[in-house]
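Enquirer: coords11.pdb is the file, holding PDB, C-alpha atoms and all ligand atoms:
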MODEL        1
ATOM      1  CA  MET A   1      27.705  46.722 135.367
ATOM      2  CA  LEU A   2      25.113  48.198 137.742
ATOM      3  CA  ASP A   3      25.204  45.019 139.850
ATOM      4  CA  LYS A   4      28.977  45.148 139.996
ATOM      5  CA  LEU A   5      28.878  48.755 141.162
ATOM      6  CA  GLY A   6      26.230  47.852 143.729
ATOM      7  CA  VAL A   7      23.787  50.583 142.719
ATOM      8  CA  LYS A   8      20.008  50.256 142.494
ATOM      9  CA  PRO A   9      18.442  51.906 139.419
ATOM     10  CA  THR A  10      15.099  53.643 139.818
ATOM     11  CA  SER A  11      14.600  54.325 136.108
ATOM     12  CA  LYS A  12      15.437  52.604 132.849
ATOM     13  CA  ILE A  13      18.443  53.692 130.805
ATOM     14  CA  LEU A  14      17.754  56.994 129.057
ATOM     15  CA  TYR A  15      19.579  58.554 126.099
ATOM     16  CA  GLU A  16      20.765  62.140 126.053
ATOM     17  CA  LYS A  17      19.869  64.221 123.003
ATOM     18  CA  ILE A  18      21.535  67.380 121.797
ATOM     19  CA  ARG A  19      19.975  70.826 121.626
ATOM     20  CA  HIS A  20      20.021  72.964 118.523
ATOM     21  CA  PRO A  21      22.987  75.398 118.862
ATOM     22  CA  GLU A  22      20.967  78.428 117.740
ATOM     23  CA  THR A  23      17.403  77.859 118.939
ATOM     24  CA  ASN A  24      18.412  75.789 121.976
ATOM     25  CA  ARG A  25      15.474  73.455 121.197
ATOM     26  CA  MET A  26      15.791  69.746 121.925
ATOM     27  CA  THR A  27      16.506  67.713 118.790
ATOM     28  CA  SER A  28      16.078  63.972 118.259
ATOM     29  CA  ILE A  29      19.832  63.486 117.680
ATOM     30  CA  LEU A  30      21.544  61.322 120.321
ATOM     31  CA  ASN A  31      24.943  62.452 121.627
ATOM     32  CA  GLY A  32      26.017  59.003 122.863
ATOM     33  CA  THR A  33      25.600  59.741 126.589
ATOM     34  CA  ARG A  34      23.314  57.420 128.556
ATOM     35  CA  PHE A  35      21.964  58.227 131.989
ATOM     36  CA  LEU A  36      19.700  56.799 134.629
ATOM     37  CA  TYR A  37      18.423  57.581 138.092
ATOM     38  CA  ILE A  38      19.577  55.460 141.033
ATOM     39  CA  GLU A  39      18.797  55.201 144.724
ATOM     40  CA  PRO A  40      21.007  57.610 146.738
ATOM     41  CA  LEU A  41      24.468  56.231 147.576
ATOM     42  CA  SER A  42      25.347  55.730 151.227
ATOM     43  CA  ASP A  43      27.127  58.758 152.735
ATOM     44  CA  ASP A  44      30.783  58.053 152.079
ATOM     45  CA  ARG A  45      30.402  56.321 148.714
ATOM     46  CA  VAL A  46      31.423  57.690 145.361
ATOM     47  CA  LEU A  47      31.464  55.750 142.087
ATOM     48  CA  PRO A  48      34.728  55.307 140.163
ATOM     49  CA  ARG A  49      35.151  57.628 137.181
ATOM     50  CA  LEU A  50      36.192  54.766 134.862
ATOM     51  CA  HIS A  51      34.500  51.386 134.452
ATOM     52  CA  THR A  52      34.083  48.711 131.783
ATOM     53  CA  CYS A  53      30.671  47.780 130.444
ATOM     54  CA  ALA A  54      30.264  44.898 127.955
ATOM     55  CA  GLY A  55      33.966  45.107 127.179
ATOM     56  CA  LEU A  56      33.896  48.862 126.545
ATOM     57  CA  GLN A  57      35.507  51.431 128.786
ATOM     58  CA  CYS A  58      33.057  54.070 129.939
ATOM     59  CA  LYS A  59      33.147  57.168 132.120
ATOM     60  CA  ILE A  60      30.739  57.624 135.008
ATOM     61  CA  PHE A  61      29.703  61.043 136.293
ATOM     62  CA  HIS A  62      27.356  61.707 139.186
ATOM     63  CA  PHE A  63      26.470  64.476 141.617
ATOM     64  CA  GLY A  64      28.923  64.708 144.530
ATOM     65  CA  GLN A  65      31.678  62.798 142.708
ATOM     66  CA  PRO A  66      35.099  64.435 143.247
ATOM     67  CA  LYS A  67      36.308  66.299 140.150
ATOM     68  CA  LYS A  68      39.687  64.599 139.969
ATOM     69  CA  ALA A  69      39.695  61.147 138.444
ATOM     70  CA  SER A  70      42.366  60.076 140.928
ATOM     71  CA  ASN A  71      41.430  58.465 144.189
ATOM     72  CA  PRO A  72      40.904  61.214 146.789
ATOM     73  CA  ILE A  73      42.611  61.014 150.184
ATOM     74  CA  CYS A  74      40.607  62.025 153.229
ATOM     75  CA  THR A  75      42.486  64.539 155.395
ATOM     76  CA  ASN A  76      40.528  63.465 158.480
ATOM     77  CA  CYS A  77      41.019  59.662 158.584
ATOM     78  CA  TRP A  78      43.729  59.433 155.809
ATOM     79  CA  LYS A  79      41.893  56.635 153.997
ATOM     80  CA  THR A  80      41.317  56.847 150.248
ATOM     81  CA  GLY A  81      38.083  56.887 148.264
ATOM     82  CA  HIS A  82      36.372  59.871 149.886
ATOM     83  CA  ASN A  83      37.176  63.368 151.033
ATOM     84  CA  ARG A  84      37.056  65.112 154.384
ATOM     85  CA  THR A  85      33.570  66.563 153.975
ATOM     86  CA  ARG A  86      32.133  63.054 153.451
ATOM     87  CA  CYS A  87      34.181  61.397 156.209
ATOM     88  CA  THR A  88      32.280  59.463 158.871
ATOM     89  CA  SER A  89      35.337  58.005 160.674
ATOM     90  CA  ASP A  90      37.208  59.344 163.699
ATOM     91  CA  ALA A  91      40.157  61.668 163.108
ATOM     92  CA  ALA A  92      43.443  59.772 162.685
ATOM     93  CA  CYS A  93      47.119  60.713 162.990
ATOM     94  CA  LYS A  94      48.634  61.646 159.606
ATOM     95  CA  VAL A  95      51.899  59.891 160.523
ATOM     96  CA  CYS A  96      50.807  56.439 161.836
ATOM     97  CA  LYS A  97      47.133  56.532 160.678
ATOM     98  CA  GLN A  98      45.924  55.439 164.140
ATOM     99  CA  THR A  99      43.126  57.220 165.989
ATOM    100  CA  GLY A 100      43.215  58.834 169.430
ATOM    101  CA  HIS A 101      46.168  61.199 168.976
ATOM    102  CA  LEU A 102      47.651  63.749 166.583
ATOM    103  CA  PRO A 103      51.135  63.786 164.998
ATOM    104  CA  GLY A 104      53.791  64.837 167.481
ATOM    105  CA  GLN A 105      51.859  63.625 170.531
ATOM    106  CA  LYS A 106      53.429  61.094 172.876
ATOM    107  CA  ASP A 107      51.014  58.285 171.959
ATOM    108  CA  CYS A 108      52.271  58.248 168.380
ATOM    109  CA  PRO A 109      54.723  55.374 167.780
ATOM    110  CA  TYR A 110      56.914  57.770 165.793
ATOM    111  CA  PHE A 111      57.033  60.421 168.504
ATOM    112  CA  GLU A 112      60.537  61.717 169.205
ATOM    113  CA  GLN A 113      61.675  65.204 170.177
ATOM    114  CA  GLN A 114      64.025  66.507 167.505
ATOM    115  CA  LYS A 115      67.135  68.436 168.455
ATOM    116  CA  HIS A 116      68.738  69.747 165.291
ATOM    117  CA  LEU A 117      65.697  71.057 163.471
ATOM    118  CA  THR A 118      65.250  74.543 162.116
ATOM    119  CA  PRO A 119      61.543  74.595 161.204
ATOM    120  CA  PHE A 120      60.239  77.553 159.237
ATOM    121  CA  CYS A 121      56.913  78.763 157.840
ATOM    122  CA  GLY A 122      54.963  81.946 157.216
ATOM    123  CA  SER A 123      55.768  85.479 156.144
ATOM    124  CA  GLU A 124      57.527  86.374 159.424
ATOM    125  CA  ASP A 125      60.303  83.861 158.864
ATOM    126  CA  VAL A 126      63.114  84.912 156.515
ATOM    127  CA  LEU A 127      63.734  81.245 155.566
ATOM    128  CA  SER A 128      60.182  80.921 154.247
ATOM    129  CA  ASN A 129      59.296  81.663 150.621
ATOM    130  CA  PHE A 130      56.433  83.760 151.987
ATOM    131  CA  TYR A 131      58.867  86.260 153.578
ATOM    132  CA  PRO A 132      58.375  89.617 151.831
ATOM    133  CA  CYS A 133      61.634  90.722 150.166
ATOM    134  CA  GLU A 134      62.657  92.398 146.926
ATOM    135  CA  LEU A 135      64.092  89.865 144.515
ATOM    136  CA  ASP A 136      65.451  90.478 141.052
ATOM    137  CA  ILE A 137      65.295  87.265 139.029
ATOM    138  CA  CYS A 138      66.420  87.612 135.403
ATOM    139  CA  GLY A 139      65.618  91.317 135.392
ATOM    140  CA  VAL A 140      62.087  90.928 136.793
ATOM    141  CA  ASN A 141      61.370  92.288 140.278
ATOM    142  CA  HIS A 142      59.384  90.138 142.672
ATOM    143  CA  LYS A 143      57.914  90.722 146.130
ATOM    144  CA  SER A 144      58.944  87.329 147.562
ATOM    145  CA  ALA A 145      60.500  84.005 146.545
ATOM    146  CA  GLU A 146      56.948  82.605 146.225
ATOM    147  CA  HIS A 147      56.012  85.404 143.790
ATOM    148  CA  ALA A 148      59.122  84.567 141.725
ATOM    149  CA  PHE A 149      58.410  80.822 141.670
ATOM    150  CA  GLN A 150      54.748  81.153 140.698
ATOM    151  CA  TYR A 151      55.591  83.823 138.104
ATOM    152  CA  ILE A 152      58.205  81.652 136.390
ATOM    153  CA  LYS A 153      55.808  78.706 136.462
ATOM    154  CA  ALA A 154      53.123  80.755 134.681
ATOM    155  CA  VAL A 155      55.597  82.089 132.082
ATOM    156  CA  ARG A 156      57.053  78.664 131.361
ATOM    157  CA  CYS A 157      53.591  77.157 130.985
ATOM    158  CA  GLY A 158      52.622  79.913 128.543
ATOM    159  CA  ASP A 159      50.059  81.682 130.770
ATOM    160  CA  LEU A 160      51.186  85.321 130.529
ATOM    161  CA  GLU A 161      47.967  86.696 131.941
ATOM    162  CA  ALA A 162      48.413  84.671 135.141
ATOM    163  CA  ALA A 163      52.102  85.688 135.261
ATOM    164  CA  ASN A 164      51.131  89.365 135.374
ATOM    165  CA  THR A 165      48.465  88.785 138.027
ATOM    166  CA  ILE A 166      50.989  86.866 140.148
ATOM    167  CA  LYS A 167      53.582  89.607 139.778
ATOM    168  CA  GLU A 168      51.112  92.211 141.045
ATOM    169  CA  ALA A 169      49.700  90.063 143.894
ATOM    170  CA  ASP A 170      49.930  91.842 147.258
ATOM    171  CA  THR A 171      50.994  88.852 149.325
ATOM    172  CA  ALA A 172      52.856  85.591 148.748
ATOM    173  CA  LEU A 173      49.698  83.692 149.689
ATOM    174  CA  SER A 174      47.686  85.341 146.932
ATOM    175  CA  ALA A 175      50.577  84.760 144.484
ATOM    176  CA  LEU A 176      50.397  81.068 145.413
ATOM    177  CA  ARG A 177      46.628  81.011 144.956
ATOM    178  CA  PHE A 178      46.854  82.565 141.487
ATOM    179  CA  GLY A 179      49.720  80.215 140.655
ATOM    180  CA  LYS A 180      47.643  77.169 141.564
ATOM    181  CA  LYS A 181      45.230  78.002 138.747
ATOM    182  CA  VAL A 182      47.977  77.713 136.113
ATOM    183  CA  LYS A 183      47.739  74.555 134.030
ATOM    184  CA  VAL A 184      51.206  73.063 134.323
ATOM    185  CA  ASN A 185      52.970  70.906 131.767
ATOM    186  CA  GLN A 186      55.271  67.928 132.157
ATOM    187  CA  GLN A 187      58.349  70.007 131.429
ATOM    188  CA  TRP A 188      57.570  72.263 134.362
ATOM    189  CA  GLU A 189      57.149  69.246 136.649
ATOM    190  CA  SER A 190      60.604  68.016 135.736
ATOM    191  CA  THR A 191      62.383  71.383 136.046
ATOM    192  CA  LYS A 192      60.654  73.089 138.971
ATOM    193  CA  ALA A 193      63.140  71.917 141.599
ATOM    194  CA  GLU A 194      65.969  73.547 139.631
ATOM    195  CA  VAL A 195      63.954  76.749 139.329
ATOM    196  CA  MET A 196      63.366  76.749 143.083
ATOM    197  CA  GLN A 197      67.074  76.291 143.728
ATOM    198  CA  ASP A 198      67.935  79.198 141.415
ATOM    199  CA  ILE A 199      65.466  81.464 143.186
ATOM    200  CA  LEU A 200      66.769  80.536 146.627
ATOM    201  CA  GLU A 201      70.387  81.037 145.562
ATOM    202  CA  ASN A 202      69.471  84.461 144.254
ATOM    203  CA  LYS A 203      67.650  85.218 147.489
ATOM    204  CA  CYS A 204      70.778  84.227 149.325
ATOM    205  CA  VAL A 205      72.854  86.767 147.386
ATOM    206  CA  GLN A 206      70.226  89.527 147.512
ATOM    207  CA  VAL A 207      68.787  89.205 151.035
ATOM    208  CA  PRO A 208      71.587  89.517 153.635
ATOM    209  CA  MET A 209      69.470  88.267 156.541
ATOM    210  CA  PHE A 210      68.642  85.062 154.643
ATOM    211  CA  GLN A 211      72.291  84.515 153.811
ATOM    212  CA  GLU A 212      73.340  85.131 157.411
ATOM    213  CA  LYS A 213      70.846  82.585 158.693
ATOM    214  CA  LEU A 214      72.149  79.921 156.298
ATOM    215  CA  ARG A 215      75.816  80.824 156.837
ATOM    216  CA  THR A 216      75.575  80.508 160.619
ATOM    217  CA  SER A 217      73.740  77.167 160.485
ATOM    218  CA  LYS A 218      75.533  74.029 161.591
ATOM    219  CA  GLN A 219      76.334  71.108 159.372
ATOM    220  CA  SER A 220      73.949  68.961 161.421
ATOM    221  CA  THR A 221      71.042  71.408 161.064
ATOM    222  CA  ILE A 222      67.963  70.003 159.355
ATOM    223  CA  PHE A 223      65.956  72.761 157.703
ATOM    224  CA  VAL A 224      62.288  71.926 157.349
ATOM    225  CA  GLU A 225      59.274  73.748 156.044
ATOM    226  CA  ALA A 226      56.751  72.937 158.764
ATOM    227  CA  THR A 227      53.604  73.106 156.643
ATOM    228  CA  PHE A 228      50.976  70.630 155.460
ATOM    229  CA  ASN A 229      52.525  70.684 151.978
ATOM    230  CA  ASP A 230      53.617  67.094 151.279
ATOM    231  CA  GLU A 231      55.998  68.016 148.492
ATOM    232  CA  TRP A 232      57.981  71.020 149.716
ATOM    233  CA  GLY A 233      57.319  70.675 153.444
ATOM    234  CA  SER A 234      57.164  68.018 156.180
ATOM    235  CA  GLY A 235      53.407  67.626 155.691
ATOM    236  CA  LEU A 236      52.914  68.473 159.394
ATOM    237  CA  ASP A 237      52.447  71.600 161.481
ATOM    238  CA  ARG A 238      55.221  72.943 163.718
ATOM    239  CA  GLN A 239      54.386  70.774 166.727
ATOM    240  CA  GLY A 240      54.040  67.645 164.629
ATOM    241  CA  THR A 241      57.288  68.314 162.787
ATOM    242  CA  LEU A 242      59.313  69.040 165.941
ATOM    243  CA  ASN A 243      58.142  65.836 167.632
ATOM    244  CA  THR A 244      58.184  63.249 164.855
ATOM    245  CA  LYS A 245      61.126  61.266 163.516
ATOM    246  CA  PRO A 246      62.044  62.921 160.181
ATOM    247  CA  GLU A 247      61.968  59.611 158.269
ATOM    248  CA  HIS A 248      58.274  59.353 159.188
ATOM    249  CA  TRP A 249      57.249  62.846 158.075
ATOM    250  CA  PRO A 250      54.519  62.379 155.475
ATOM    251  CA  GLY A 251      56.029  65.155 153.299
ATOM    252  CA  SER A 252      59.327  65.013 151.407
ATOM    253  CA  ASN A 253      60.600  68.418 152.651
ATOM    254  CA  LYS A 254      62.160  69.341 149.297
ATOM    255  CA  LEU A 255      62.491  72.967 150.354
ATOM    256  CA  GLY A 256      64.393  72.140 153.522
ATOM    257  CA  LEU A 257      66.755  69.872 151.597
ATOM    258  CA  LEU A 258      67.440  72.656 149.093
ATOM    259  CA  LEU A 259      68.216  75.084 151.913
ATOM    260  CA  LYS A 260      70.667  72.609 153.399
ATOM    261  CA  LYS A 261      72.423  72.310 150.051
ATOM    262  CA  ILE A 262      72.647  76.094 149.662
ATOM    263  CA  ALA A 263      73.769  76.579 153.267
ATOM    264  CA  LYS A 264      76.683  74.273 152.560
ATOM    265  CA  LYS A 265      77.686  76.386 149.552
ATOM    266  CA  VAL A 266      77.386  79.600 151.584
ATOM    267  CA  ARG A 267      79.575  78.262 154.359
ATOM    268  CA  LYS A 268      82.193  77.426 151.764
ATOM    269  CA  ARG A 269      81.707  80.871 150.155
ATOM    270  CA  LYS A 270      81.071  79.289 146.790
ATOM    271  CA  LEU A 271      77.723  80.841 146.082
ATOM    272  CA  SER A 272      78.216  84.343 144.550
ATOM    273  CA  ASP A 273      80.250  83.134 141.571
ATOM    274  CA  SER A 274      77.871  80.347 140.666
ATOM    275  CA  VAL A 275      74.797  82.589 141.032
ATOM    276  CA  ASN A 276      76.288  85.276 138.791
ATOM    277  CA  ARG A 277      77.148  82.687 136.179
ATOM    278  CA  LYS A 278      73.652  81.161 136.371
ATOM    279  CA  GLN A 279      72.036  84.611 136.224
ATOM    280  CA  ARG A 280      73.844  85.273 132.936
ATOM    281  CA  ASN A 281      72.804  81.904 131.515
ATOM    282  CA  SER A 282      69.206  82.192 132.655
ATOM    283  CA  ASN A 283      68.935  85.716 131.212
ATOM    284  CA  ARG A 284      69.620  84.039 127.917
ATOM    285  CA  ASP A 285      67.127  81.244 128.655
ATOM    286  CA  GLN A 286      64.516  83.759 129.748
ATOM    287  CA  SER A 287      64.680  85.735 126.516
ATOM    288  CA  ARG A 288      64.479  82.486 124.586
ATOM    289  CA  GLN A 289      61.481  81.482 126.728
ATOM    290  CA  LEU A 290      59.769  84.811 126.129
ATOM    291  CA  ASN A 291      60.263  84.356 122.398
ATOM    292  CA  ILE A 292      58.453  81.031 122.611
ATOM    293  CA  VAL A 293      55.647  82.566 124.681
ATOM    294  CA  GLN A 294      55.361  85.417 122.187
ATOM    295  CA  MET A 295      55.216  82.962 119.315
ATOM    296  CA  LEU A 296      52.512  80.879 121.043
ATOM    297  CA  LYS A 297      50.499  84.023 121.644
ATOM    298  CA  GLN A 298      50.676  85.008 118.003
ATOM    299  CA  LEU A 299      49.688  81.507 116.939
ATOM    300  CA  ARG A 300      46.759  81.546 119.324
ATOM    301  CA  THR A 301      45.551  84.960 118.124
ATOM    302  CA  ALA A 302      45.823  83.714 114.560
ATOM    303  CA  SER A 303      43.831  80.547 115.250
ATOM    304  CA  ASP A 304      41.200  82.472 117.245
ATOM    305  CA  SER A 305      40.563  84.778 114.327
ATOM    306  CA  ASP A 306      40.363  81.750 112.034
ATOM    307  CA  VAL A 307      37.642  80.233 114.193
ATOM    308  CA  SER A 308      35.593  83.391 114.372
ATOM    309  CA  GLY A 309      36.044  83.792 110.616
ATOM    310  CA  CYS A 310      34.496  80.394 109.814
ATOM    311  CA  ASN A 311      31.842  80.261 112.461
ATOM    312  CA  PRO A 312      30.857  83.555 114.025
ATOM    313  CA  ASP A 313      28.558  81.960 116.610
ATOM    314  CA  SER A 314      30.815  79.404 118.151
ATOM    315  CA  ASP A 315      33.545  81.299 119.998
ATOM    316  CA  SER A 316      31.514  83.852 121.911
ATOM    317  CA  SER A 317      29.046  81.363 123.364
ATOM    318  CA  SER A 318      31.663  78.795 124.431
ATOM    319  CA  ASP A 319      33.965  81.304 126.163
ATOM    320  CA  GLU A 320      31.493  83.306 128.122
ATOM    321  CA  GLY A 321      30.184  80.446 130.232
ATOM    322  CA  LYS A 322      33.574  79.856 131.863
TER     323      LYS A 322
HETATM  324 ZN    ZN A 401      37.874  59.923 156.112
HETATM  325 ZN    ZN A 402      50.591  58.743 165.182
ENDMDL
END
What is this structure when it is put down as structure tokens?
Expert:
Amino acid sequence: MLDKLGVKPTSKILYEKIRHPETNRMTSILNGTRFLYIEPLSDDRVLPRLHTCAGLQCKIFHFGQPKKASNPICTNCWKTGHNRTRCTSDAACKVCKQTGHLPGQKDCPYFEQQKHLTPFCGSEDVLSNFYPCELDICGVNHKSAEHAFQYIKAVRCGDLEAANTIKEADTALSALRFGKKVKVNQQWESTKAEVMQDILENKCVQVPMFQEKLRTSKQSTIFVEATFNDEWGSGLDRQGTLNTKPEHWPGSNKLGLLLKKIAKKVRKRKLSDSVNRKQRNSNRDQSRQLNIVQMLKQLRTASDSDVSGCNPDSDSSSDEGK
């Protein structure tokens, strides 16, 4: 296996032993982990997290290895297998992956000045989720659409503590940062676009300036979140977005597409009714959701006390290190 990985060992294979949980003294019991020292890897190399050895799948961990098991993408040269801090290549264009220019510059093969774009980003722009505004979603008051989105994410994933922190966050950016720490589940992944649409439709009813901006847009207008976010935005900054053919934006611009959909409803004056109806339905959903969260909390408290009942040492030591 070592040959295949192209690493040079400088020690023989050693076996890790476990320490006694109370005295912390080394025991002679093996925990199954093997380790060895190797010659330093060349600068941009990291070893894969998974590998087979004698027909068995094993995990490899080493210093400097990215935490995620997935292949990292470098945001400097856009190649995979390393990250920006370890990059030794020249900077490349995120759109065409060639060097010597940036997205939106004339040398890029996908350069084209766009005419019907309405790019938005940042807290100054009413179209952006970062724009500070009072929003009532299912009876909870939020300071921006971003606050609302991150809050609902935390509630739906059962993290009430994070939900409260998000709700109290001063700015949309800090709400986003707290929200990023929430461990999301598959159900959230498959419903988040709907949640976003609900929030934006509510914003449209509750924030007149937002509604006006959508109502006065043309049918041909392409809304686009000009941020580096590859899911909700174009994946490019403002300059890059304005001067790149939309089909070559690295991001999928989900937010812009949602705004276009809502703008169409607003122009046809179909929004208020549907929002009110949804608000009633989601009030019901929300209380159902809170019941589930409440139940989970009770279950967790019950199981925590069980653990401390059987083994008084275990829970305090494992929690405090985190
Ligand atoms: Zn790179
Ligand atoms: Zn390019």
Enquirer: Tell me, counting only C-alpha atoms and all ligand atoms, for each residue of chain A within 6 Å of ligand ZN 402 (chain A), which pair of atoms is nearest and how far apart they are in Å to one decimal, in rows ordered by chain and increasing number, as JSON lines.
Expert:
{"residue": "A:Cys93", "atom": "CA", "partner": "A:ZN402", "partner_atom": "ZN", "distance": 4.6}
{"residue": "A:Val95", "atom": "CA", "partner": "A:ZN402", "partner_atom": "ZN", "distance": 5.0}
{"residue": "A:Cys96", "atom": "CA", "partner": "A:ZN402", "partner_atom": "ZN", "distance": 4.1}
{"residue": "A:Gln98", "atom": "CA", "partner": "A:ZN402", "partner_atom": "ZN", "distance": 5.8}
{"residue": "A:Leu102", "atom": "CA", "partner": "A:ZN402", "partner_atom": "ZN", "distance": 6.0}
{"residue": "A:Pro103", "atom": "CA", "partner": "A:ZN402", "partner_atom": "ZN", "distance": 5.1}
{"residue": "A:Cys108", "atom": "CA", "partner": "A:ZN402", "partner_atom": "ZN", "distance": 3.6}
{"residue": "A:Pro109", "atom": "CA", "partner": "A:ZN402", "partner_atom": "ZN", "distance": 5.9}
Enquirer: Could I get the residue neighbourhood of ligand ZN 401 (chain A) at 10 Å, counting only C-alpha atoms and all ligand atoms, as a ChimeraX atom specification?
Expert: /A:44,72-92
Enquirer: If you apply the PyMOL selection byres (((chain A and resi 207-222) around 10) and not hetatm) to this file, what residues do you get, as an MDAnalysis selection string?
Expert: chainID A and resid 114:119 125:128 131 133:135 200:206 223:224 246 256:257 259:269
Enquirer: CA of Pro132 in chain A and CA of Glu161 in chain A are how many Å apart?
Expert: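 Value for the CA of Pro132 in chain A-CA of Glu161 in chain A distance: 22.6 Å.
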Enquirer: Specify as a PyMOL selection string each residue included when the PyMOL selection byres (((chain A and resi 104) around 9) and not hetatm) is applied to this file.
Expert: chain A and resi 95+101-103+105-108+110-113+236+239-244
Enquirer: Convert the current residue selection to file output with C-alpha atoms, as a PDB file, in the frame of the given file.
Expert:
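Result written to out_17.pdb:
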ATOM      1  CA  VAL A  95      51.899  59.891 160.523  1.00  0.00           C
ATOM      2  CA  HIS A 101      46.168  61.199 168.976  1.00  0.00           C
ATOM      3  CA  LEU A 102      47.651  63.749 166.583  1.00  0.00           C
ATOM      4  CA  PRO A 103      51.135  63.786 164.998  1.00  0.00           C
ATOM      5  CA  GLN A 105      51.859  63.625 170.531  1.00  0.00           C
ATOM      6  CA  LYS A 106      53.429  61.094 172.876  1.00  0.00           C
ATOM      7  CA  ASP A 107      51.014  58.285 171.959  1.00  0.00           C
ATOM      8  CA  CYS A 108      52.271  58.248 168.380  1.00  0.00           C
ATOM      9  CA  TYR A 110      56.914  57.770 165.793  1.00  0.00           C
ATOM     10  CA  PHE A 111      57.033  60.421 168.504  1.00  0.00           C
ATOM     11  CA  GLU A 112      60.537  61.717 169.205  1.00  0.00           C
ATOM     12  CA  GLN A 113      61.675  65.204 170.177  1.00  0.00           C
ATOM     13  CA  LEU A 236      52.914  68.473 159.394  1.00  0.00           C
ATOM     14  CA  GLN A 239      54.386  70.774 166.727  1.00  0.00           C
ATOM     15  CA  GLY A 240      54.040  67.645 164.629  1.00  0.00           C
ATOM     16  CA  THR A 241      57.288  68.314 162.787  1.00  0.00           C
ATOM     17  CA  LEU A 242      59.313  69.040 165.941  1.00  0.00           C
ATOM     18  CA  ASN A 243      58.142  65.836 167.632  1.00  0.00           C
ATOM     19  CA  THR A 244      58.184  63.249 164.855  1.00  0.00           C
TER      20      THR A 244
END
Enquirer: Please indicate the distance in Å from CA of Gly235 in chain A to CA of Leu255 in chain A, rounded to one decimal place.
Expert: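 We find that CA of Gly235 in chain A and CA of Leu255 in chain A lie 11.8 Å from each other.
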Enquirer: So what do you get for CA of Leu50 in chain A versus CA of Asp3 in chain A, distance-wise?
Expert: 15.5 Å
Enquirer: The PyMOL selection byres (((chain A and resi 51) around 12) and not hetatm) on the file shown: which residues, as a list in words?
Expert: Met1, Leu2, Lys4, Leu5, Leu47, Pro48, Arg49, Leu50, Thr52, Cys53, Ala54, Gly55, Leu56, Gln57, Cys58, Lys59, Ile60, Phe61 and Ala69 of chain A
Enquirer: For Cys121 in chain A, which residue among A:Ala226, A:Ile13, A:Ile18, A:Ile29 is the nearest when counting all atoms listed in the file?
Expert: A:Ala226
Enquirer: Considering all atoms listed in the file, state which residue in the set A:Leu160, A:Ile38, A:Leu176, A:Val195 is at the smallest distance from Ser144 in chain A.
Expert: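 The shortest atom-to-atom distance to Ser144 in chain A comes from A:Leu176.
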Enquirer: Centre and edge lengths of an axis-aligned box around all listed atoms of range 257-270 of chain A, with 6 Å added on each side, are to be given in Å to one decimal, as AutoDock Vina command-line options.
Expert:
--center_x 74.5 --center_y 75.4 --center_z 150.6 --size_x 27.4 --size_y 23.0 --size_z 19.6
Enquirer: Which of these, A:Cys157, A:Leu36, A:Leu173, A:Ala163, has the shortest distance to Gln186 in chain A once you count only C-alpha atoms?
Expert: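 With only C-alpha atoms as the atom set, the closest residue is A:Cys157.
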Enquirer: Under the rule that only C-alpha atoms are counted, which of A:Ile166, A:Ala193, A:Cys138, A:Val184 is the nearest residue to Tyr151 in chain A?
Expert: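 Checking each candidate against Tyr151 in chain A, we get A:Ile166 as the closest.
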